[in-house]
$ cat model-v8.txt   # compact mmCIF, C-alpha atoms and all ligand atoms
# COMPACT_ATOMS: atom_id res chain seq x y z
CA MET L 1 2.77 -10.65 21.40
CA LYS L 2 0.96 -7.36 21.25
CA ALA L 3 2.38 -4.09 20.00
CA SER L 4 1.20 -0.55 19.68
CA ILE L 5 2.50 2.52 17.81
CA ILE L 6 2.33 6.12 19.00
CA THR L 7 3.21 8.85 16.52
CA ILE L 8 3.68 12.32 17.95
CA GLY L 9 3.51 15.57 15.98
CA ASP L 10 1.05 18.39 15.38
CA GLU L 11 1.88 18.19 11.66
CA LEU L 12 0.51 14.63 11.49
CA LEU L 13 -2.89 15.64 12.85
CA ILE L 14 -3.42 18.62 10.57
CA GLY L 15 -2.45 16.66 7.48
CA GLN L 16 0.72 18.59 6.78
CA THR L 17 2.86 15.46 7.02
CA VAL L 18 1.57 12.02 6.10
CA ASP L 19 2.27 9.53 8.87
CA THR L 20 4.45 7.14 6.92
CA ASN L 21 6.32 6.09 10.06
CA SER L 22 3.47 4.10 11.52
CA ALA L 23 2.81 2.30 8.23
CA TRP L 24 6.45 1.24 8.01
CA LEU L 25 6.64 0.30 11.69
CA GLY L 26 3.39 -1.66 11.42
CA SER L 27 4.78 -3.70 8.59
CA GLU L 28 8.08 -4.36 10.42
CA LEU L 29 6.31 -5.37 13.64
CA SER L 30 4.01 -7.65 11.71
CA ILE L 31 6.99 -9.39 10.10
CA LEU L 32 8.37 -9.95 13.62
CA GLY L 33 5.11 -11.66 14.54
CA PHE L 34 3.51 -8.92 16.62
CA ASP L 35 -0.20 -8.24 16.63
CA ILE L 36 -0.43 -4.46 16.24
CA TYR L 37 -3.54 -3.75 18.21
CA ARG L 38 -3.54 0.05 18.28
CA LYS L 39 -2.03 3.07 16.54
CA ILE L 40 -2.33 6.43 18.22
CA THR L 41 -1.45 9.80 16.69
CA ILE L 42 -1.24 12.79 19.03
CA HIS L 43 -0.17 16.41 19.34
CA ASP L 44 3.17 17.48 20.81
CA ARG L 45 1.30 18.04 24.07
CA ARG L 46 2.36 16.81 27.51
CA GLU L 47 -1.07 15.63 28.69
CA ASP L 48 -1.82 13.87 25.39
CA ILE L 49 1.52 12.05 25.43
CA LEU L 50 0.98 10.94 29.05
CA GLU L 51 -2.55 9.79 28.29
CA ALA L 52 -1.37 7.73 25.30
CA LEU L 53 1.47 6.13 27.29
CA GLU L 54 -0.90 5.25 30.14
CA GLU L 55 -3.37 3.78 27.69
CA VAL L 56 -0.95 1.20 26.27
CA LYS L 57 1.14 0.57 29.39
CA GLY L 58 0.73 -2.98 30.64
CA LYS L 59 -1.46 -3.91 27.65
CA ALA L 60 1.13 -4.00 24.86
CA ASP L 61 4.38 -5.95 25.08
CA VAL L 62 6.08 -3.36 22.89
CA VAL L 63 5.22 0.27 22.16
CA LEU L 64 7.03 2.14 19.38
CA ILE L 65 6.99 5.93 19.64
CA THR L 66 8.18 8.42 17.02
CA GLY L 67 8.48 12.21 17.01
CA GLY L 68 9.12 15.11 19.30
CA LEU L 69 12.81 14.44 19.88
CA GLY L 70 14.19 17.51 18.11
CA PRO L 71 16.24 20.19 19.88
CA THR L 72 13.58 22.90 19.84
CA SER L 73 10.99 23.98 22.39
CA ASP L 74 8.11 22.28 20.56
CA ASP L 75 9.75 18.88 21.02
CA ILE L 76 8.66 17.70 24.45
CA THR L 77 8.64 13.92 24.21
CA LYS L 78 11.78 13.42 26.32
CA GLN L 79 10.66 15.61 29.23
CA THR L 80 7.28 13.91 29.19
CA LEU L 81 8.86 10.45 29.17
CA CYS L 82 10.80 11.50 32.28
CA GLU L 83 7.57 12.41 33.97
CA PHE L 84 6.02 9.09 32.95
CA LEU L 85 9.05 7.17 34.24
CA ASN L 86 9.47 9.29 37.31
CA THR L 87 13.04 10.07 36.45
CA LYS L 88 15.17 12.99 35.25
CA LEU L 89 17.17 13.87 32.17
CA VAL L 90 20.90 13.17 32.31
CA PRO L 91 23.56 13.76 29.64
CA ASP L 92 24.65 10.68 27.74
CA HIS L 93 28.37 11.15 27.17
CA GLU L 94 28.61 8.99 24.08
CA VAL L 95 25.77 10.91 22.42
CA LEU L 96 27.34 14.22 23.47
CA ALA L 97 30.69 13.19 21.97
CA MET L 98 28.99 12.17 18.74
CA ILE L 99 27.12 15.46 18.46
CA GLU L 100 30.39 17.31 19.10
CA THR L 101 32.09 15.41 16.30
CA ILE L 102 29.29 16.22 13.87
CA LEU L 103 29.29 19.91 14.85
CA THR L 104 33.07 20.19 14.56
CA ARG L 105 32.94 18.61 11.12
CA HIS L 106 30.49 21.32 10.02
CA ASN L 107 32.25 24.08 11.96
CA PHE L 108 29.30 24.87 14.24
CA PRO L 109 29.80 25.69 17.91
CA MET L 110 27.97 23.57 20.49
CA ASN L 111 24.98 25.38 21.96
CA GLU L 112 22.43 24.73 24.69
CA ASN L 113 20.02 23.07 22.27
CA ASN L 114 22.71 20.62 21.16
CA ARG L 115 23.55 19.81 24.75
CA ARG L 116 19.87 19.10 25.40
CA GLN L 117 19.82 16.64 22.52
CA ALA L 118 22.42 14.53 24.29
CA GLU L 119 20.22 14.22 27.38
CA VAL L 120 18.15 11.11 27.95
CA PRO L 121 15.91 9.90 30.80
CA GLU L 122 18.16 8.35 33.44
CA SER L 123 16.50 4.92 33.40
CA CYS L 124 16.61 4.33 29.66
CA GLN L 125 19.07 2.57 27.41
CA VAL L 126 20.28 4.62 24.48
CA LEU L 127 19.72 3.29 20.96
CA LYS L 128 22.51 4.76 18.88
CA ASN L 129 21.57 7.03 15.98
CA SER L 130 24.48 7.17 13.54
CA VAL L 131 22.56 9.20 10.97
CA GLY L 132 21.31 12.08 13.13
CA THR L 133 21.69 13.84 16.44
CA ALA L 134 18.64 12.61 18.38
CA PRO L 135 19.27 9.21 20.01
CA GLY L 136 16.64 6.50 20.27
CA MET L 137 15.61 5.30 23.74
CA TRP L 138 14.55 1.93 25.15
CA PHE L 139 12.89 1.62 28.53
CA GLU L 140 10.50 -0.66 30.35
CA LYS L 141 7.58 0.02 32.61
CA ASP L 142 4.93 -2.37 33.92
CA LYS L 143 6.14 -5.20 31.64
CA THR L 144 5.85 -2.99 28.55
CA ILE L 145 8.90 -2.12 26.46
CA PHE L 146 8.81 1.45 25.12
CA ILE L 147 11.03 2.49 22.24
CA SER L 148 11.16 6.20 21.47
CA MET L 149 12.66 7.36 18.17
CA PRO L 150 12.98 10.59 16.18
CA GLY L 151 10.22 11.44 13.70
CA VAL L 152 12.56 11.89 10.72
CA PRO L 153 11.75 8.74 8.75
CA TYR L 154 15.27 7.72 7.75
CA GLU L 155 16.61 8.22 11.28
CA MET L 156 13.73 6.21 12.72
CA LYS L 157 14.32 3.44 10.18
CA TYR L 158 18.04 3.38 10.95
CA ILE L 159 17.46 3.04 14.69
CA MET L 160 14.83 0.35 14.19
CA THR L 161 16.86 -1.72 11.75
CA ASP L 162 20.24 -1.32 13.39
CA GLN L 163 19.31 -1.31 17.07
CA ALA L 164 15.71 -2.03 17.99
CA ILE L 165 14.81 -4.99 15.76
CA PRO L 166 17.86 -7.11 16.73
CA ARG L 167 17.01 -6.54 20.41
CA LEU L 168 13.35 -7.33 19.89
CA LYS L 169 14.27 -10.54 18.06
CA LYS L 170 16.39 -11.66 21.02
CA ARG L 171 13.72 -10.79 23.51
CA PHE L 172 10.73 -12.39 21.80
CA THR L 173 11.31 -15.86 20.45
CA SER L 174 9.90 -15.06 17.14
CA GLN L 175 6.46 -16.15 16.07
CA VAL L 176 6.07 -16.92 12.41
CA VAL L 177 3.62 -14.77 10.47
CA ILE L 178 3.10 -15.46 6.77
CA HIS L 179 0.97 -13.27 4.53
CA ARG L 180 -0.19 -14.44 1.10
CA ASN L 181 -2.33 -12.34 -1.22
CA ILE L 182 -4.71 -13.57 -3.88
CA MET L 183 -5.68 -10.89 -6.40
CA THR L 184 -9.27 -10.94 -7.65
CA TYR L 185 -11.40 -8.88 -9.99
CA GLY L 186 -14.96 -9.17 -11.18
CA VAL L 187 -17.39 -8.93 -8.27
CA PRO L 188 -17.82 -6.35 -5.51
CA GLU L 189 -16.52 -7.00 -2.01
CA ALA L 190 -19.91 -7.82 -0.47
CA ARG L 191 -20.65 -10.39 -3.20
CA LEU L 192 -17.21 -11.93 -2.91
CA ALA L 193 -17.66 -12.29 0.86
CA GLU L 194 -20.99 -14.02 0.22
CA ILE L 195 -19.38 -16.48 -2.22
CA LEU L 196 -16.63 -17.17 0.31
CA THR L 197 -18.86 -17.59 3.38
CA GLY L 198 -18.32 -21.36 3.54
CA PHE L 199 -14.59 -21.04 2.84
CA GLU L 200 -14.21 -18.49 5.61
CA ALA L 201 -16.13 -20.60 8.10
CA SER L 202 -13.92 -23.61 7.38
CA LEU L 203 -10.61 -21.77 7.75
CA PRO L 204 -8.28 -23.28 10.35
CA GLU L 205 -7.89 -21.23 13.51
CA MET L 206 -4.39 -19.99 12.71
CA ILE L 207 -5.46 -18.42 9.41
CA ARG L 208 -7.17 -15.07 9.04
CA LEU L 209 -8.73 -13.67 5.89
CA ALA L 210 -8.91 -9.97 4.99
CA TYR L 211 -10.58 -8.27 2.01
CA LEU L 212 -8.57 -5.32 0.69
CA PRO L 213 -10.43 -3.57 -2.16
CA SER L 214 -8.98 -0.96 -4.49
CA TYR L 215 -10.57 0.21 -7.78
CA GLY L 216 -12.52 -2.98 -8.27
CA ILE L 217 -9.57 -5.22 -7.53
CA ILE L 218 -10.00 -7.11 -4.27
CA LYS L 219 -6.91 -8.48 -2.65
CA LEU L 220 -7.65 -11.46 -0.43
CA ARG L 221 -4.97 -11.54 2.23
CA LEU L 222 -4.50 -14.80 4.08
CA THR L 223 -2.40 -14.50 7.22
CA ALA L 224 -1.07 -17.57 9.01
CA THR L 225 0.33 -17.24 12.52
CA GLY L 226 2.11 -19.93 14.49
CA SER L 227 5.51 -21.34 15.25
CA ASP L 228 6.20 -23.85 12.47
CA ASN L 229 7.02 -22.25 9.14
CA THR L 230 6.68 -25.40 7.02
CA LEU L 231 3.39 -26.39 8.59
CA LEU L 232 1.94 -22.90 8.09
CA THR L 233 3.10 -22.79 4.47
CA ASN L 234 1.46 -26.15 3.77
CA ILE L 235 -1.81 -25.08 5.37
CA LEU L 236 -1.77 -21.82 3.40
CA ASN L 237 -1.13 -23.67 0.16
CA THR L 238 -4.11 -25.95 0.82
CA GLN L 239 -6.39 -22.97 1.50
CA ILE L 240 -5.19 -21.15 -1.61
CA ARG L 241 -5.85 -24.25 -3.73
CA LYS L 242 -9.39 -24.22 -2.34
CA LEU L 243 -9.79 -20.58 -3.37
CA TYR L 244 -8.74 -21.44 -6.92
CA GLU L 245 -11.45 -24.11 -6.96
CA ILE L 246 -14.17 -21.79 -5.65
CA ILE L 247 -13.43 -18.63 -7.67
CA PRO L 248 -11.25 -19.67 -10.64
CA ASP L 249 -12.61 -16.91 -12.90
CA LEU L 250 -12.03 -14.13 -10.41
CA ILE L 251 -8.40 -14.77 -9.52
CA PHE L 252 -5.86 -13.10 -11.77
CA GLY L 253 -2.69 -13.25 -9.73
CA GLU L 254 -0.96 -13.55 -6.40
CA ASN L 255 0.98 -11.29 -4.05
CA GLU L 256 0.49 -7.74 -5.37
CA GLU L 257 0.73 -8.86 -9.00
CA LEU L 258 -0.79 -6.20 -11.26
CA LEU L 259 -3.16 -6.93 -14.14
CA GLU L 260 -0.74 -5.33 -16.59
CA VAL L 261 2.04 -7.64 -15.41
CA VAL L 262 -0.18 -10.71 -15.79
CA ILE L 263 -1.19 -9.55 -19.28
CA GLY L 264 2.47 -9.10 -20.19
CA LYS L 265 3.31 -12.64 -19.09
CA LEU L 266 0.38 -14.12 -21.02
CA LEU L 267 1.23 -12.24 -24.21
CA LYS L 268 4.89 -13.24 -24.01
CA GLU L 269 3.98 -16.86 -23.37
CA LYS L 270 1.68 -16.91 -26.40
CA GLY L 271 3.88 -14.72 -28.59
CA ARG L 272 1.02 -12.27 -29.19
CA THR L 273 0.82 -8.46 -29.42
CA VAL L 274 -1.63 -5.81 -28.32
CA CYS L 275 -2.45 -2.15 -28.92
CA SER L 276 -4.99 0.28 -27.51
CA ALA L 277 -7.54 2.82 -28.72
CA GLU L 278 -8.50 5.07 -25.86
CA SER L 279 -11.09 7.75 -25.57
CA CYS L 280 -12.15 8.30 -21.94
CA THR L 281 -9.02 6.69 -20.48
CA GLY L 282 -6.85 9.15 -22.41
CA GLY L 283 -3.76 6.97 -22.57
CA ASN L 284 -3.98 5.54 -19.08
CA ILE L 285 -4.18 1.98 -20.40
CA ALA L 286 -1.11 2.62 -22.56
CA HIS L 287 0.64 4.02 -19.49
CA MET L 288 -0.26 1.01 -17.34
CA LEU L 289 0.81 -1.52 -19.97
CA THR L 290 4.07 0.28 -20.73
CA SER L 291 4.94 0.65 -17.03
CA VAL L 292 5.90 -3.02 -17.15
CA PRO L 293 9.57 -3.56 -18.03
CA GLY L 294 9.95 -5.42 -21.31
CA SER L 295 6.50 -4.39 -22.59
CA SER L 296 7.98 -3.38 -25.96
CA LEU L 297 7.98 -7.09 -26.77
CA TYR L 298 4.18 -7.21 -26.97
CA TYR L 299 2.75 -3.69 -26.79
CA LYS L 300 2.77 -1.74 -30.05
CA GLY L 301 1.11 1.59 -29.35
CA SER L 302 -2.05 3.53 -28.84
CA VAL L 303 -4.42 5.88 -30.61
CA ILE L 304 -5.79 8.34 -28.11
CA ALA L 305 -9.03 8.99 -29.94
CA TYR L 306 -10.48 11.56 -27.62
CA ASN L 307 -12.10 13.64 -30.29
CA ASN L 308 -14.77 12.13 -32.56
CA ASN L 309 -12.89 13.26 -35.70
CA VAL L 310 -9.91 11.21 -34.55
CA LYS L 311 -12.18 8.22 -34.00
CA GLN L 312 -13.45 8.63 -37.56
CA GLU L 313 -10.26 9.55 -39.36
CA LEU L 314 -7.67 7.33 -37.67
CA LEU L 315 -9.82 4.45 -36.53
CA ASN L 316 -12.44 4.44 -39.27
CA VAL L 317 -15.42 4.67 -36.94
CA PRO L 318 -18.28 5.52 -39.35
CA ALA L 319 -19.81 8.96 -38.81
CA GLU L 320 -23.30 7.39 -38.92
CA ILE L 321 -22.54 5.24 -35.87
CA ILE L 322 -21.45 8.28 -33.86
CA GLU L 323 -24.51 10.21 -35.02
CA LYS L 324 -26.96 7.38 -34.37
CA SER L 325 -25.57 5.67 -31.24
CA GLY L 326 -23.07 8.22 -29.93
CA ALA L 327 -19.35 7.81 -29.24
CA VAL L 328 -20.11 6.02 -25.97
CA SER L 329 -21.77 3.00 -27.49
CA GLU L 330 -21.12 -0.64 -28.19
CA GLU L 331 -21.02 0.02 -31.93
CA ALA L 332 -18.51 2.88 -31.68
CA VAL L 333 -16.16 1.17 -29.26
CA SER L 334 -16.20 -2.02 -31.36
CA LYS L 335 -15.17 -0.05 -34.44
CA MET L 336 -12.47 1.70 -32.43
CA ALA L 337 -11.00 -1.65 -31.39
CA GLU L 338 -11.15 -3.02 -34.92
CA GLY L 339 -9.67 0.16 -36.36
CA ALA L 340 -6.72 0.21 -33.97
CA ARG L 341 -6.00 -3.49 -34.46
CA LYS L 342 -5.88 -2.98 -38.21
CA LEU L 343 -3.89 0.25 -38.08
CA LEU L 344 -1.27 -1.01 -35.62
CA LYS L 345 -1.24 -4.61 -36.88
CA THR L 346 -1.57 -6.45 -33.57
CA ASP L 347 -3.22 -9.70 -32.46
CA PHE L 348 -5.37 -7.95 -29.86
CA SER L 349 -6.59 -4.44 -29.28
CA VAL L 350 -8.36 -2.88 -26.35
CA ALA L 351 -10.68 0.12 -26.77
CA THR L 352 -12.53 2.35 -24.32
CA SER L 353 -15.24 4.94 -24.71
CA GLY L 354 -17.08 6.34 -21.73
CA ILE L 355 -18.08 9.31 -19.63
CA ALA L 356 -15.54 10.02 -16.91
CA GLY L 357 -17.43 13.05 -15.56
CA PRO L 358 -18.16 15.19 -13.74
CA ASP L 359 -20.15 16.56 -16.72
CA GLY L 360 -21.48 14.97 -19.88
CA GLY L 361 -23.81 12.43 -18.37
CA THR L 362 -27.38 11.88 -19.58
CA GLU L 363 -30.25 9.80 -18.26
CA SER L 364 -29.50 6.89 -20.54
CA LYS L 365 -25.71 7.31 -20.24
CA PRO L 366 -24.91 8.57 -16.76
CA VAL L 367 -21.45 9.70 -15.67
CA GLY L 368 -19.37 6.60 -15.01
CA THR L 369 -20.70 4.68 -18.05
CA ILE L 370 -18.05 2.88 -20.06
CA TRP L 371 -18.04 0.63 -23.09
CA ILE L 372 -14.99 -1.59 -23.51
CA ALA L 373 -14.10 -3.66 -26.58
CA ILE L 374 -11.40 -6.22 -27.24
CA ALA L 375 -10.76 -7.10 -30.87
CA SER L 376 -8.91 -10.19 -32.03
CA GLU L 377 -8.85 -12.47 -35.05
CA ARG L 378 -12.09 -14.01 -33.71
CA GLY L 379 -13.97 -10.72 -33.75
CA VAL L 380 -14.94 -8.26 -31.05
CA VAL L 381 -16.01 -8.82 -27.46
CA THR L 382 -17.62 -5.95 -25.51
CA GLU L 383 -18.61 -5.09 -21.99
CA LYS L 384 -20.51 -2.21 -20.43
CA HIS L 385 -20.02 -0.95 -16.88
CA ILE L 386 -21.41 1.91 -14.88
CA PHE L 387 -19.11 3.20 -12.15
CA GLY L 388 -19.30 6.34 -10.00
CA SER L 389 -19.03 10.10 -10.41
CA ASP L 390 -15.38 10.87 -9.56
CA ARG L 391 -13.40 11.52 -12.74
CA LYS L 392 -10.04 10.27 -11.50
CA VAL L 393 -11.49 7.18 -9.90
CA ASN L 394 -13.50 6.47 -13.04
CA ILE L 395 -10.45 6.66 -15.30
CA THR L 396 -8.67 4.11 -13.10
CA ARG L 397 -11.72 1.84 -12.82
CA PHE L 398 -12.33 2.02 -16.60
CA SER L 399 -8.71 1.05 -17.25
CA VAL L 400 -8.73 -1.82 -14.78
CA ALA L 401 -12.00 -3.17 -16.20
CA ALA L 402 -10.62 -2.97 -19.74
CA LEU L 403 -7.39 -4.71 -18.79
CA ASN L 404 -9.31 -7.50 -17.08
CA LEU L 405 -11.44 -8.12 -20.17
CA LEU L 406 -8.27 -8.11 -22.27
CA ARG L 407 -6.70 -10.65 -19.88
CA LYS L 408 -9.71 -12.96 -20.15
CA GLN L 409 -9.68 -12.73 -23.94
CA ILE L 410 -5.97 -13.54 -24.14
CA ILE L 411 -6.51 -16.58 -21.92
CA SER L 412 -9.39 -17.84 -24.05
CA HIS L 413 -7.29 -17.75 -27.24
P1 LIG L 501 10.46 15.29 15.12
O1 LIG L 501 11.25 14.12 15.56
O2 LIG L 501 9.12 15.34 15.76
O3 LIG L 501 11.21 16.59 15.26
O4 LIG L 501 10.13 15.11 13.57
C1 LIG L 501 10.95 15.63 12.58
C2 LIG L 501 10.33 15.52 11.20
O5 LIG L 501 10.05 14.19 10.88
C3 LIG L 501 8.98 16.23 11.06
O6 LIG L 501 9.09 17.56 10.66
C4 LIG L 501 8.27 15.45 10.01
O7 LIG L 501 8.56 15.97 8.73
C5 LIG L 501 8.88 14.08 10.11
N1 LIG L 501 7.96 13.18 10.79
C6 LIG L 501 7.62 13.20 12.10
N2 LIG L 501 6.76 12.22 12.38
C7 LIG L 501 6.52 11.56 11.22
C8 LIG L 501 5.70 10.44 10.86
N3 LIG L 501 4.97 9.79 11.77
N4 LIG L 501 5.69 10.04 9.57
C9 LIG L 501 6.45 10.69 8.66
N5 LIG L 501 7.25 11.74 8.93
C10 LIG L 501 7.29 12.18 10.20
MG MG L 502 7.89 17.08 15.84
$ encode --input "model-v8.txt" --output "structure tokens"
Amino acid sequence: MKASIITIGDELLIGQTVDTNSAWLGSELSILGFDIYRKITIHDRREDILEALEEVKGKADVVLITGGLGPTSDDITKQTLCEFLNTKLVPDHEVLAMIETILTRHNFPMNENNRRQAEVPESCQVLKNSVGTAPGMWFEKDKTIFISMPGVPYEMKYIMTDQAIPRLKKRFTSQVVIHRNIMTYGVPEARLAEILTGFEASLPEMIRLAYLPSYGIIKLRLTATGSDNTLLTNILNTQIRKLYEIIPDLIFGENEELLEVVIGKLLKEKGRTVCSAESCTGGNIAHMLTSVPGSSLYYKGSVIAYNNNVKQELLNVPAEIIEKSGAVSEEAVSKMAEGARKLLKTDFSVATSGIAGPDGGTESKPVGTIWIAIASERGVVTEKHIFGSDRKVNITRFSVAALNLLRKQIISH
């Protein structure tokens, strides 16, 4: 079962509008068991639309099209579909009546543009749009089903959910597709792939593995495709158990679980508390931890010690350490963690001090350098990382690295 998505609109190509339609449609098609083999984004241009339709015709079982169905002269999808289907536009009386009702309700007279909206290619079936004026259309050519929908996301979603998906389900005896995600942190993608070479090679045919990296976190997505739900679930469970055996230290959660959520669960389970002392992350760790509902049970607060005086006065980092080793140093960050833990009276504390950039780097401490410390009743544990040069990316990567070290410390207690 192959599917393709065509999104039409000049605004999508020049970056004025982000193409959220194709992401949503891709996810819906994937749930239905389709293999989405191509996404095409094109201008509102006759020859481009025809070229795209020709490209997928006969290759995909289903093609979803969005955009270009408005009432104005720049919307040319319908006319072009007529050309492709070798047919003409005819008024659809039900659509016309619905547009009339809407217009009457708002006290607008019917004009030529409205009348044009009620026209559809003669050979298509109308997919009712109860939330807007442009109808969806279903037609078939060379064994491919084409579904054309308006670009407005909520109208497109309505037509898909209410009309198109039920028809597609009837037409294609549904394949089962199950996705499971394993969240990892600790090694880069290339290294992880090397560790998992044997695992990948031994995967059963119906399972595919994808690496989805983001800020140091790598999501391993296992996708099982087949017809028997129970069988696929059992096979997936076996493969996931294997992963836990191969990389126990790298896995922190499953299915989109965030580090801060995992930390919250661990702290609640153990009845422990945490606070933060942040320099280069400027409160981002506090923000991440407190984004989790119920975090007040275990998170006490933060000292954003951006300035060295704050590090000294609130966190008791000795001036000599800052003078001798600098604020971005193992010694300073350890004192920050200890100081915050004492001040805020928590079981754990997490501290960061680094150089987010773009300026402030030196040869021995380049931009992207971070020292992290976790303090607990057993003392202080530290880690140093060197990331890249983008300030925003660094702040996120620093925070994620710090949270992962915190997670490991909580587990080991
Ligand atoms: P149209 O059906 O081409 O008149 O599209 C109407 C509006 O829907 C556009 O102005 C965009 O704001 C929005 N839109 C069109 N295509 C997309 C898309 N692929 N993703 C998100 N929004 C879209
Ligand atoms: Mg448009």
$ closest_atom_pairs --input "model-v8.txt" --of "chain L" --to "ligand MG 502 (chain L)" --cutoff "12 Å" --atoms "all atoms listed in the file" --output "Markdown table"
| residue | atom | partner | partner_atom | distance |
| --- | --- | --- | --- | --- |
| L:Thr7 | CA | L:MG502 | MG | 9.5 |
| L:Ile8 | CA | L:MG502 | MG | 6.7 |
| L:Gly9 | CA | L:MG502 | MG | 4.6 |
| L:Asp10 | CA | L:MG502 | MG | 7.0 |
| L:Glu11 | CA | L:MG502 | MG | 7.4 |
| L:Leu12 | CA | L:MG502 | MG | 8.9 |
| L:Leu13 | CA | L:MG502 | MG | 11.3 |
| L:Gln16 | CA | L:MG502 | MG | 11.7 |
| L:Thr17 | CA | L:MG502 | MG | 10.3 |
| L:Asp19 | CA | L:MG502 | MG | 11.7 |
| L:Thr41 | CA | L:MG502 | MG | 11.9 |
| L:Ile42 | CA | L:MG502 | MG | 10.6 |
| L:His43 | CA | L:MG502 | MG | 8.8 |
| L:Asp44 | CA | L:MG502 | MG | 6.9 |
| L:Arg45 | CA | L:MG502 | MG | 10.6 |
| L:Ile65 | CA | L:MG502 | MG | 11.8 |
| L:Thr66 | CA | L:MG502 | MG | 8.7 |
| L:Gly67 | CA | L:MG502 | MG | 5.0 |
| L:Gly68 | CA | L:MG502 | MG | 4.2 |
| L:Leu69 | CA | L:MG502 | MG | 6.9 |
| L:Gly70 | CA | L:MG502 | MG | 6.7 |
| L:Pro71 | CA | L:MG502 | MG | 9.8 |
| L:Thr72 | CA | L:MG502 | MG | 9.1 |
| L:Ser73 | CA | L:MG502 | MG | 10.0 |
| L:Asp74 | CA | L:MG502 | MG | 7.0 |
| L:Asp75 | CA | L:MG502 | MG | 5.8 |
| L:Ile76 | CA | L:MG502 | MG | 8.7 |
| L:Thr77 | CA | L:MG502 | MG | 9.0 |
| L:Lys78 | CA | L:MG502 | MG | 11.8 |
| L:Ala134 | CA | L:MG502 | MG | 11.9 |
| L:Met149 | CA | L:MG502 | MG | 11.1 |
| L:Pro150 | CA | L:MG502 | MG | 8.3 |
| L:Gly151 | CA | L:MG502 | MG | 6.5 |
| L:Val152 | CA | L:MG502 | MG | 8.7 |
| L:Pro153 | CA | L:MG502 | MG | 11.6 |
$ write_last_selection --input "model-v8.txt" --atoms "C-alpha atoms" --output "PDB file, keeping the file's coordinate frame"
ATOM      1  CA  THR L   7       3.210   8.850  16.520  1.00  0.00           C
ATOM      2  CA  ILE L   8       3.680  12.320  17.950  1.00  0.00           C
ATOM      3  CA  GLY L   9       3.510  15.570  15.980  1.00  0.00           C
ATOM      4  CA  ASP L  10       1.050  18.390  15.380  1.00  0.00           C
ATOM      5  CA  GLU L  11       1.880  18.190  11.660  1.00  0.00           C
ATOM      6  CA  LEU L  12       0.510  14.630  11.490  1.00  0.00           C
ATOM      7  CA  LEU L  13      -2.890  15.640  12.850  1.00  0.00           C
ATOM      8  CA  GLN L  16       0.720  18.590   6.780  1.00  0.00           C
ATOM      9  CA  THR L  17       2.860  15.460   7.020  1.00  0.00           C
ATOM     10  CA  ASP L  19       2.270   9.530   8.870  1.00  0.00           C
ATOM     11  CA  THR L  41      -1.450   9.800  16.690  1.00  0.00           C
ATOM     12  CA  ILE L  42      -1.240  12.790  19.030  1.00  0.00           C
ATOM     13  CA  HIS L  43      -0.170  16.410  19.340  1.00  0.00           C
ATOM     14  CA  ASP L  44       3.170  17.480  20.810  1.00  0.00           C
ATOM     15  CA  ARG L  45       1.300  18.040  24.070  1.00  0.00           C
ATOM     16  CA  ILE L  65       6.990   5.930  19.640  1.00  0.00           C
ATOM     17  CA  THR L  66       8.180   8.420  17.020  1.00  0.00           C
ATOM     18  CA  GLY L  67       8.480  12.210  17.010  1.00  0.00           C
ATOM     19  CA  GLY L  68       9.120  15.110  19.300  1.00  0.00           C
ATOM     20  CA  LEU L  69      12.810  14.440  19.880  1.00  0.00           C
ATOM     21  CA  GLY L  70      14.190  17.510  18.110  1.00  0.00           C
ATOM     22  CA  PRO L  71      16.240  20.190  19.880  1.00  0.00           C
ATOM     23  CA  THR L  72      13.580  22.900  19.840  1.00  0.00           C
ATOM     24  CA  SER L  73      10.990  23.980  22.390  1.00  0.00           C
ATOM     25  CA  ASP L  74       8.110  22.280  20.560  1.00  0.00           C
ATOM     26  CA  ASP L  75       9.750  18.880  21.020  1.00  0.00           C
ATOM     27  CA  ILE L  76       8.660  17.700  24.450  1.00  0.00           C
ATOM     28  CA  THR L  77       8.640  13.920  24.210  1.00  0.00           C
ATOM     29  CA  LYS L  78      11.780  13.420  26.320  1.00  0.00           C
ATOM     30  CA  ALA L 134      18.640  12.610  18.380  1.00  0.00           C
ATOM     31  CA  MET L 149      12.660   7.360  18.170  1.00  0.00           C
ATOM     32  CA  PRO L 150      12.980  10.590  16.180  1.00  0.00           C
ATOM     33  CA  GLY L 151      10.220  11.440  13.700  1.00  0.00           C
ATOM     34  CA  VAL L 152      12.560  11.890  10.720  1.00  0.00           C
ATOM     35  CA  PRO L 153      11.750   8.740   8.750  1.00  0.00           C
TER      36      PRO L 153
END
$ closest_residue --input "model-v8.txt" --among "L:Glu155, L:Glu363, L:Glu269, L:Glu254" --to "ligand LIG 501 (chain L)" --atoms "all atoms listed in the file"
L:Glu155
$ closest_residue --input "model-v8.txt" --among "L:Asn21, L:Ser4, L:Asn113, L:Gln312" --to "ligand LIG 501 (chain L)" --atoms "all atoms listed in the file"
L:Asn21
$ closest_residue --input "model-v8.txt" --among "L:Ile411, L:Asn114, L:Gly216, L:Gln239" --to "L:Gly388" --atoms "only C-alpha atoms"
L:Gly216
$ atom_distance --input "model-v8.txt" --atom1 "atom CA of L:Tyr298" --atom2 "atom CA of L:Ser279"
21.4 Å
$ closest_residue --input "model-v8.txt" --among "L:Thr87, L:Trp138, L:Tyr244, L:Thr369" --to "L:Arg167" --atoms "all atoms listed in the file"
L:Trp138
